[in-house]
Amino acid sequence: MKIFCVGRNYAEHAKELKNEVPSAPVIFMKPHTAVLTDNQDFYYPNFTKDLHYECEIVLRICKNGRSVSEKFARSYYNAMTVGIDFTARDLQQHQKEKGLPWEIAKAFDNSAVIGQWKNISDEEKNHPFLFSLKKNNEVVQEGNTENLLFSFEKVIAYVSQFFTLNMGDLIFTGTPQGVGPVAIGDRLSASLFDEELLNFAIK
Ligand code: ZN
């Protein structure tokens, strides 16, 4: 299983990190050891002092394909959840300044937290999806897929030019504005529309 992630897919988030709005999707990957499921506790890693949440919609790929055209891309996912792309912002900043790869800041163990899966019908794909993240019961991020710079279909088409998609691969589709730090003792909960699909503690 492969995990693809899109960086800077909401203009307001690119701005808050003082990044340029990209002209093509920014893609990076995480290994399968990054996945954390079932609302398990997340243990704050000792290599960072500035761990940030990024709440994102996650798609699950349901068939194999390569060089998928945008027109057919919507049939390549059939399930969705909300997830957290945990980021060691201090390490990421260091790597970015030096022009070094991001993996140690983005792809470490348990950095891809995923909620409970929802099956998504083709009809539902015609409408925007709303999602939100609460930290200690206060809303900190709200996203609307209407504001995506690159739609789910564009991302699938783009990624599949370079990497064969396989059933079960995941795509973290980017985070809206409002990213911020977590601390030991915090609780994060995320919802798709009004349905809570993720709820876990930072230990
Ligand atoms: Zn992200």
# chains A, B, ... in the order shown; residues from 1 in each chain; ligands from 1
call {"tool": "residues_near_ligand", "arguments": {"ligand": "ligand 1", "cutoff": "7 Å", "atoms": "only C-alpha atoms and all ligand atoms", "output": "ChimeraX atom specification"}}
result
/A:5-7,54,56,85,172,174-175
call {"tool": "residues_around", "arguments": {"residues": "Leu91 in chain A", "least_positions_apart": "3", "cutoff": "10 Å", "atoms": "only C-alpha atoms", "output": "list in words"}}
result
Phe47, Thr48, Lys49, Asp50, Leu51, Thr87, Ala88, His94, Gln95, Lys96, Glu97, Trp102, Glu103, Ile104, Ala105 and Lys106 of chain A
call {"tool": "write_last_selection", "arguments": {"atoms": "all heavy atoms", "output": "CSV table (one decimal), in the first residue's frame"}}
result
chain,number,residue,atom,x,y,z
A,47,PHE,N,11.8,13.6,18.6
A,47,PHE,CA,12.7,14.3,17.7
A,47,PHE,C,12.2,15.7,17.2
A,47,PHE,O,12.8,16.4,16.4
A,47,PHE,CB,13.0,13.5,16.4
A,47,PHE,CG,11.8,12.9,15.7
A,47,PHE,CD1,10.9,13.7,15.0
A,47,PHE,CD2,11.5,11.5,15.9
A,47,PHE,CE1,9.8,13.1,14.4
A,47,PHE,CE2,10.3,11.0,15.3
A,47,PHE,CZ,9.5,11.8,14.5
A,48,THR,N,11.0,16.1,17.7
A,48,THR,CA,10.5,17.4,17.4
A,48,THR,C,10.0,18.1,18.6
A,48,THR,O,9.6,17.5,19.6
A,48,THR,CB,9.3,17.3,16.4
A,48,THR,OG1,8.8,18.6,16.1
A,48,THR,CG2,8.2,16.4,16.9
A,49,LYS,N,10.0,19.5,18.5
A,49,LYS,CA,9.4,20.3,19.6
A,49,LYS,C,8.3,21.1,19.0
A,49,LYS,O,7.8,22.0,19.7
A,49,LYS,CB,10.5,21.2,20.2
A,49,LYS,CG,11.6,20.4,20.9
A,49,LYS,CD,12.5,21.4,21.7
A,49,LYS,CE,13.3,20.6,22.8
A,49,LYS,NZ,13.8,19.3,22.2
A,50,ASP,N,7.9,20.9,17.7
A,50,ASP,CA,6.8,21.7,17.1
A,50,ASP,C,6.0,20.8,16.2
A,50,ASP,O,6.0,20.9,14.9
A,50,ASP,CB,7.5,22.8,16.3
A,50,ASP,CG,6.4,23.9,15.9
A,50,ASP,OD1,5.4,23.9,16.6
A,50,ASP,OD2,6.7,24.6,15.0
A,51,LEU,N,5.3,19.8,16.8
A,51,LEU,CA,4.5,18.9,16.0
A,51,LEU,C,3.2,19.6,15.6
A,51,LEU,O,2.4,20.0,16.5
A,51,LEU,CB,4.2,17.6,16.8
A,51,LEU,CG,3.5,16.6,16.1
A,51,LEU,CD1,4.4,15.9,15.0
A,51,LEU,CD2,2.9,15.5,17.0
A,87,THR,N,3.0,16.6,11.1
A,87,THR,CA,4.2,17.3,10.5
A,87,THR,C,5.1,17.8,11.6
A,87,THR,O,4.6,18.6,12.4
A,87,THR,CB,3.8,18.4,9.6
A,87,THR,OG1,2.9,17.9,8.6
A,87,THR,CG2,5.0,19.1,8.9
A,88,ALA,N,6.3,17.4,11.6
A,88,ALA,CA,7.3,18.0,12.5
A,88,ALA,C,7.8,19.3,11.9
A,88,ALA,O,8.7,19.4,11.0
A,88,ALA,CB,8.5,17.1,12.8
A,94,HIS,N,13.7,23.2,8.6
A,94,HIS,CA,15.1,23.0,8.4
A,94,HIS,C,15.4,22.4,7.1
A,94,HIS,O,16.3,22.8,6.3
A,94,HIS,CB,15.6,22.2,9.6
A,94,HIS,CG,17.1,21.8,9.5
A,94,HIS,ND1,17.5,20.6,8.9
A,94,HIS,CD2,18.2,22.5,9.8
A,94,HIS,CE1,18.8,20.6,8.9
A,94,HIS,NE2,19.3,21.7,9.4
A,95,GLN,N,14.6,21.3,6.8
A,95,GLN,CA,14.8,20.6,5.5
A,95,GLN,C,14.6,21.5,4.3
A,95,GLN,O,15.3,21.5,3.3
A,95,GLN,CB,13.9,19.4,5.4
A,95,GLN,CG,14.1,18.3,6.5
A,95,GLN,CD,15.5,17.8,6.5
A,95,GLN,OE1,16.4,18.3,7.3
A,95,GLN,NE2,15.8,16.8,5.7
A,96,LYS,N,13.5,22.3,4.4
A,96,LYS,CA,13.1,23.2,3.3
A,96,LYS,C,14.2,24.3,3.1
A,96,LYS,O,14.6,24.5,1.9
A,96,LYS,CB,11.8,23.9,3.6
A,96,LYS,CG,10.6,23.1,3.3
A,96,LYS,CD,9.3,23.6,3.9
A,96,LYS,CE,8.7,24.9,3.3
A,96,LYS,NZ,7.4,25.2,4.0
A,97,GLU,N,14.7,24.8,4.2
A,97,GLU,CA,15.8,25.8,4.1
A,97,GLU,C,17.0,25.3,3.4
A,97,GLU,O,17.7,26.0,2.6
A,97,GLU,CB,16.2,26.4,5.4
A,97,GLU,CG,15.2,27.5,5.9
A,97,GLU,CD,15.3,27.7,7.4
A,97,GLU,OE1,16.3,27.3,8.0
A,97,GLU,OE2,14.4,28.4,8.0
A,102,TRP,N,11.9,15.8,2.7
A,102,TRP,CA,11.0,16.1,3.8
A,102,TRP,C,10.7,14.9,4.7
A,102,TRP,O,10.0,15.0,5.7
A,102,TRP,CB,9.6,16.5,3.3
A,102,TRP,CG,9.4,17.8,2.9
A,102,TRP,CD1,10.2,18.9,3.1
A,102,TRP,CD2,8.2,18.4,2.3
A,102,TRP,NE1,9.6,20.0,2.6
A,102,TRP,CE2,8.4,19.7,2.2
A,102,TRP,CE3,7.0,17.8,1.9
A,102,TRP,CZ2,7.4,20.6,1.6
A,102,TRP,CZ3,6.0,18.6,1.4
A,102,TRP,CH2,6.2,20.0,1.2
A,103,GLU,N,11.1,13.7,4.3
A,103,GLU,CA,10.6,12.5,4.9
A,103,GLU,C,10.6,12.5,6.4
A,103,GLU,O,9.7,12.1,7.1
A,103,GLU,CB,11.2,11.2,4.3
A,103,GLU,CG,10.6,10.8,3.0
A,103,GLU,CD,11.2,11.5,1.8
A,103,GLU,OE1,11.9,12.5,2.0
A,103,GLU,OE2,11.0,11.0,0.7
A,104,ILE,N,11.8,12.9,7.0
A,104,ILE,CA,11.9,12.8,8.4
A,104,ILE,C,10.9,13.7,9.1
A,104,ILE,O,10.5,13.5,10.3
A,104,ILE,CB,13.3,13.1,8.9
A,104,ILE,CG1,13.8,14.5,8.5
A,104,ILE,CG2,14.3,12.0,8.4
A,104,ILE,CD1,15.0,15.0,9.3
A,105,ALA,N,10.4,14.7,8.4
A,105,ALA,CA,9.4,15.6,9.0
A,105,ALA,C,8.0,15.2,8.8
A,105,ALA,O,7.1,15.7,9.5
A,105,ALA,CB,9.7,17.0,8.5
A,106,LYS,N,7.7,14.3,7.8
A,106,LYS,CA,6.4,14.1,7.4
A,106,LYS,C,6.0,12.6,7.3
A,106,LYS,O,4.8,12.3,7.3
A,106,LYS,CB,6.2,14.6,5.9
A,106,LYS,CG,6.1,16.1,5.8
A,106,LYS,CD,4.6,16.5,5.9
A,106,LYS,CE,4.2,17.8,5.4
A,106,LYS,NZ,2.8,18.1,5.8
call {"tool": "residues_around", "arguments": {"residues": "Leu198 in chain A", "least_positions_apart": "4", "cutoff": "7 Å", "atoms": "only C-alpha atoms", "output": "list in words"}}
result
Asn39, Gly115, Gln116, Ser189, Ala190 and Ser191 of chain A
call {"tool": "atom_distance", "arguments": {"atom1": "CA of Arg66 in chain A", "atom2": "CA of His127 in chain A"}}
result
25.7 Å
call {"tool": "atom_distance", "arguments": {"atom1": "CA of Arg74 in chain A", "atom2": "CA of Phe162 in chain A"}}
result
18.0 Å
call {"tool": "select_by_dssp", "arguments": {"residues": "range 112-185 of chain A", "states": "alpha helix (DSSP H)", "output": "PDB file with all heavy atoms, in the first residue's frame"}}
result
ATOM      1  N   PHE A 152      -9.892  16.312  -6.548  1.00  0.00           N
ATOM      2  CA  PHE A 152      -9.519  14.906  -6.355  1.00  0.00           C
ATOM      3  C   PHE A 152      -9.178  14.261  -7.712  1.00  0.00           C
ATOM      4  O   PHE A 152      -8.221  13.502  -7.821  1.00  0.00           O
ATOM      5  CB  PHE A 152     -10.676  14.125  -5.701  1.00  0.00           C
ATOM      6  CG  PHE A 152     -11.040  14.604  -4.315  1.00  0.00           C
ATOM      7  CD1 PHE A 152     -12.308  14.346  -3.795  1.00  0.00           C
ATOM      8  CD2 PHE A 152     -10.124  15.277  -3.523  1.00  0.00           C
ATOM      9  CE1 PHE A 152     -12.640  14.753  -2.505  1.00  0.00           C
ATOM     10  CE2 PHE A 152     -10.454  15.697  -2.232  1.00  0.00           C
ATOM     11  CZ  PHE A 152     -11.720  15.433  -1.732  1.00  0.00           C
ATOM     12  N   GLU A 153      -9.973  14.583  -8.738  1.00  0.00           N
ATOM     13  CA  GLU A 153      -9.756  13.979 -10.060  1.00  0.00           C
ATOM     14  C   GLU A 153      -8.419  14.421 -10.653  1.00  0.00           C
ATOM     15  O   GLU A 153      -7.682  13.618 -11.227  1.00  0.00           O
ATOM     16  CB  GLU A 153     -10.900  14.360 -11.017  1.00  0.00           C
ATOM     17  CG  GLU A 153     -12.231  13.708 -10.694  1.00  0.00           C
ATOM     18  CD  GLU A 153     -12.924  14.260  -9.441  1.00  0.00           C
ATOM     19  OE1 GLU A 153     -12.652  15.426  -9.060  1.00  0.00           O
ATOM     20  OE2 GLU A 153     -13.715  13.522  -8.829  1.00  0.00           O
ATOM     21  N   LYS A 154      -8.119  15.701 -10.493  1.00  0.00           N
ATOM     22  CA  LYS A 154      -6.829  16.208 -11.014  1.00  0.00           C
ATOM     23  C   LYS A 154      -5.660  15.548 -10.289  1.00  0.00           C
ATOM     24  O   LYS A 154      -4.645  15.214 -10.911  1.00  0.00           O
ATOM     25  CB  LYS A 154      -6.735  17.733 -10.819  1.00  0.00           C
ATOM     26  CG  LYS A 154      -7.488  18.548 -11.860  1.00  0.00           C
ATOM     27  CD  LYS A 154      -6.897  19.975 -11.930  1.00  0.00           C
ATOM     28  CE  LYS A 154      -7.338  20.692 -13.197  1.00  0.00           C
ATOM     29  NZ  LYS A 154      -8.750  21.064 -13.207  1.00  0.00           N
ATOM     30  N   VAL A 155      -5.797  15.382  -8.976  1.00  0.00           N
ATOM     31  CA  VAL A 155      -4.715  14.771  -8.193  1.00  0.00           C
ATOM     32  C   VAL A 155      -4.507  13.317  -8.633  1.00  0.00           C
ATOM     33  O   VAL A 155      -3.373  12.877  -8.856  1.00  0.00           O
ATOM     34  CB  VAL A 155      -5.021  14.851  -6.678  1.00  0.00           C
ATOM     35  CG1 VAL A 155      -4.066  13.970  -5.879  1.00  0.00           C
ATOM     36  CG2 VAL A 155      -4.949  16.298  -6.196  1.00  0.00           C
ATOM     37  N   ILE A 156      -5.606  12.573  -8.771  1.00  0.00           N
ATOM     38  CA  ILE A 156      -5.496  11.162  -9.190  1.00  0.00           C
ATOM     39  C   ILE A 156      -4.840  11.071 -10.568  1.00  0.00           C
ATOM     40  O   ILE A 156      -3.934  10.260 -10.796  1.00  0.00           O
ATOM     41  CB  ILE A 156      -6.887  10.485  -9.169  1.00  0.00           C
ATOM     42  CG1 ILE A 156      -7.328  10.287  -7.710  1.00  0.00           C
ATOM     43  CG2 ILE A 156      -6.890   9.163  -9.925  1.00  0.00           C
ATOM     44  CD1 ILE A 156      -8.791   9.883  -7.538  1.00  0.00           C
ATOM     45  N   ALA A 157      -5.282  11.925 -11.490  1.00  0.00           N
ATOM     46  CA  ALA A 157      -4.704  11.905 -12.840  1.00  0.00           C
ATOM     47  C   ALA A 157      -3.214  12.246 -12.791  1.00  0.00           C
ATOM     48  O   ALA A 157      -2.384  11.581 -13.433  1.00  0.00           O
ATOM     49  CB  ALA A 157      -5.454  12.899 -13.740  1.00  0.00           C
ATOM     50  N   TYR A 158      -2.877  13.248 -11.988  1.00  0.00           N
ATOM     51  CA  TYR A 158      -1.475  13.679 -11.919  1.00  0.00           C
ATOM     52  C   TYR A 158      -0.599  12.589 -11.305  1.00  0.00           C
ATOM     53  O   TYR A 158       0.431  12.212 -11.879  1.00  0.00           O
ATOM     54  CB  TYR A 158      -1.393  14.973 -11.107  1.00  0.00           C
ATOM     55  CG  TYR A 158      -0.001  15.551 -11.032  1.00  0.00           C
ATOM     56  CD1 TYR A 158       0.532  16.269 -12.106  1.00  0.00           C
ATOM     57  CD2 TYR A 158       0.780  15.370  -9.900  1.00  0.00           C
ATOM     58  CE1 TYR A 158       1.814  16.793 -12.045  1.00  0.00           C
ATOM     59  CE2 TYR A 158       2.069  15.897  -9.829  1.00  0.00           C
ATOM     60  CZ  TYR A 158       2.581  16.612 -10.904  1.00  0.00           C
ATOM     61  OH  TYR A 158       3.850  17.122 -10.839  1.00  0.00           O
ATOM     62  N   VAL A 159      -1.000  12.080 -10.134  1.00  0.00           N
ATOM     63  CA  VAL A 159      -0.192  11.071  -9.432  1.00  0.00           C
ATOM     64  C   VAL A 159       0.031   9.851 -10.324  1.00  0.00           C
ATOM     65  O   VAL A 159       1.134   9.302 -10.401  1.00  0.00           O
ATOM     66  CB  VAL A 159      -0.880  10.661  -8.106  1.00  0.00           C
ATOM     67  CG1 VAL A 159      -0.282   9.379  -7.542  1.00  0.00           C
ATOM     68  CG2 VAL A 159      -0.780  11.788  -7.080  1.00  0.00           C
ATOM     69  N   SER A 160      -1.027   9.449 -11.056  1.00  0.00           N
ATOM     70  CA  SER A 160      -0.950   8.193 -11.809  1.00  0.00           C
ATOM     71  C   SER A 160      -0.085   8.312 -13.064  1.00  0.00           C
ATOM     72  O   SER A 160       0.192   7.309 -13.721  1.00  0.00           O
ATOM     73  CB  SER A 160      -2.359   7.703 -12.164  1.00  0.00           C
ATOM     74  OG  SER A 160      -2.932   8.534 -13.151  1.00  0.00           O
ATOM     75  N   GLN A 161       0.355   9.534 -13.390  1.00  0.00           N
ATOM     76  CA  GLN A 161       1.329   9.661 -14.481  1.00  0.00           C
ATOM     77  C   GLN A 161       2.696   9.125 -14.064  1.00  0.00           C
ATOM     78  O   GLN A 161       3.508   8.731 -14.887  1.00  0.00           O
ATOM     79  CB  GLN A 161       1.548  11.140 -14.834  1.00  0.00           C
ATOM     80  CG  GLN A 161       0.410  11.825 -15.501  1.00  0.00           C
ATOM     81  CD  GLN A 161       0.789  13.276 -15.742  1.00  0.00           C
ATOM     82  OE1 GLN A 161       1.843  13.595 -16.272  1.00  0.00           O
ATOM     83  NE2 GLN A 161      -0.082  14.177 -15.314  1.00  0.00           N
ATOM     84  N   PHE A 162       2.949   9.196 -12.740  1.00  0.00           N
ATOM     85  CA  PHE A 162       4.279   8.844 -12.228  1.00  0.00           C
ATOM     86  C   PHE A 162       4.287   7.500 -11.504  1.00  0.00           C
ATOM     87  O   PHE A 162       5.294   6.801 -11.503  1.00  0.00           O
ATOM     88  CB  PHE A 162       4.764   9.914 -11.232  1.00  0.00           C
ATOM     89  CG  PHE A 162       4.790  11.302 -11.804  1.00  0.00           C
ATOM     90  CD1 PHE A 162       3.722  12.160 -11.616  1.00  0.00           C
ATOM     91  CD2 PHE A 162       5.883  11.726 -12.549  1.00  0.00           C
ATOM     92  CE1 PHE A 162       3.743  13.442 -12.140  1.00  0.00           C
ATOM     93  CE2 PHE A 162       5.913  13.004 -13.078  1.00  0.00           C
ATOM     94  CZ  PHE A 162       4.836  13.869 -12.878  1.00  0.00           C
TER      95      PHE A 162
END
call {"tool": "residues_around", "arguments": {"residues": "Arg8 in chain A", "least_positions_apart": "4", "cutoff": "12 Å", "atoms": "only C-alpha atoms", "output": "PyMOL selection string"}}
result
chain A and resi 12-28+54+56+147-150+172-177+179
call {"tool": "atom_distance", "arguments": {"atom1": "CA of Tyr77 in chain A", "atom2": "CA of Glu124 in chain A"}}
result
12.0 Å
call {"tool": "closest_residue", "arguments": {"among": "A:Cys62, A:Asn136, A:Gly143, A:Leu188", "to": "Phe86 in chain A", "atoms": "only C-alpha atoms"}}
result
A:Leu188
call {"tool": "closest_residue", "arguments": {"among": "A:Thr33, A:Phe42, A:Ile57, A:Lys98", "to": "Gly185 in chain A", "atoms": "only C-alpha atoms"}}
result
A:Phe42
call {"tool": "closest_residue", "arguments": {"among": "A:Glu123, A:Glu146, A:Glu196, A:Glu138", "to": "Asn78 in chain A", "atoms": "only C-alpha atoms"}}
result
A:Glu123
call {"tool": "closest_residue", "arguments": {"among": "A:Asn9, A:Asn166, A:Ser111, A:Asn64", "to": "Met29 in chain A", "atoms": "only C-alpha atoms"}}
result
A:Ser111
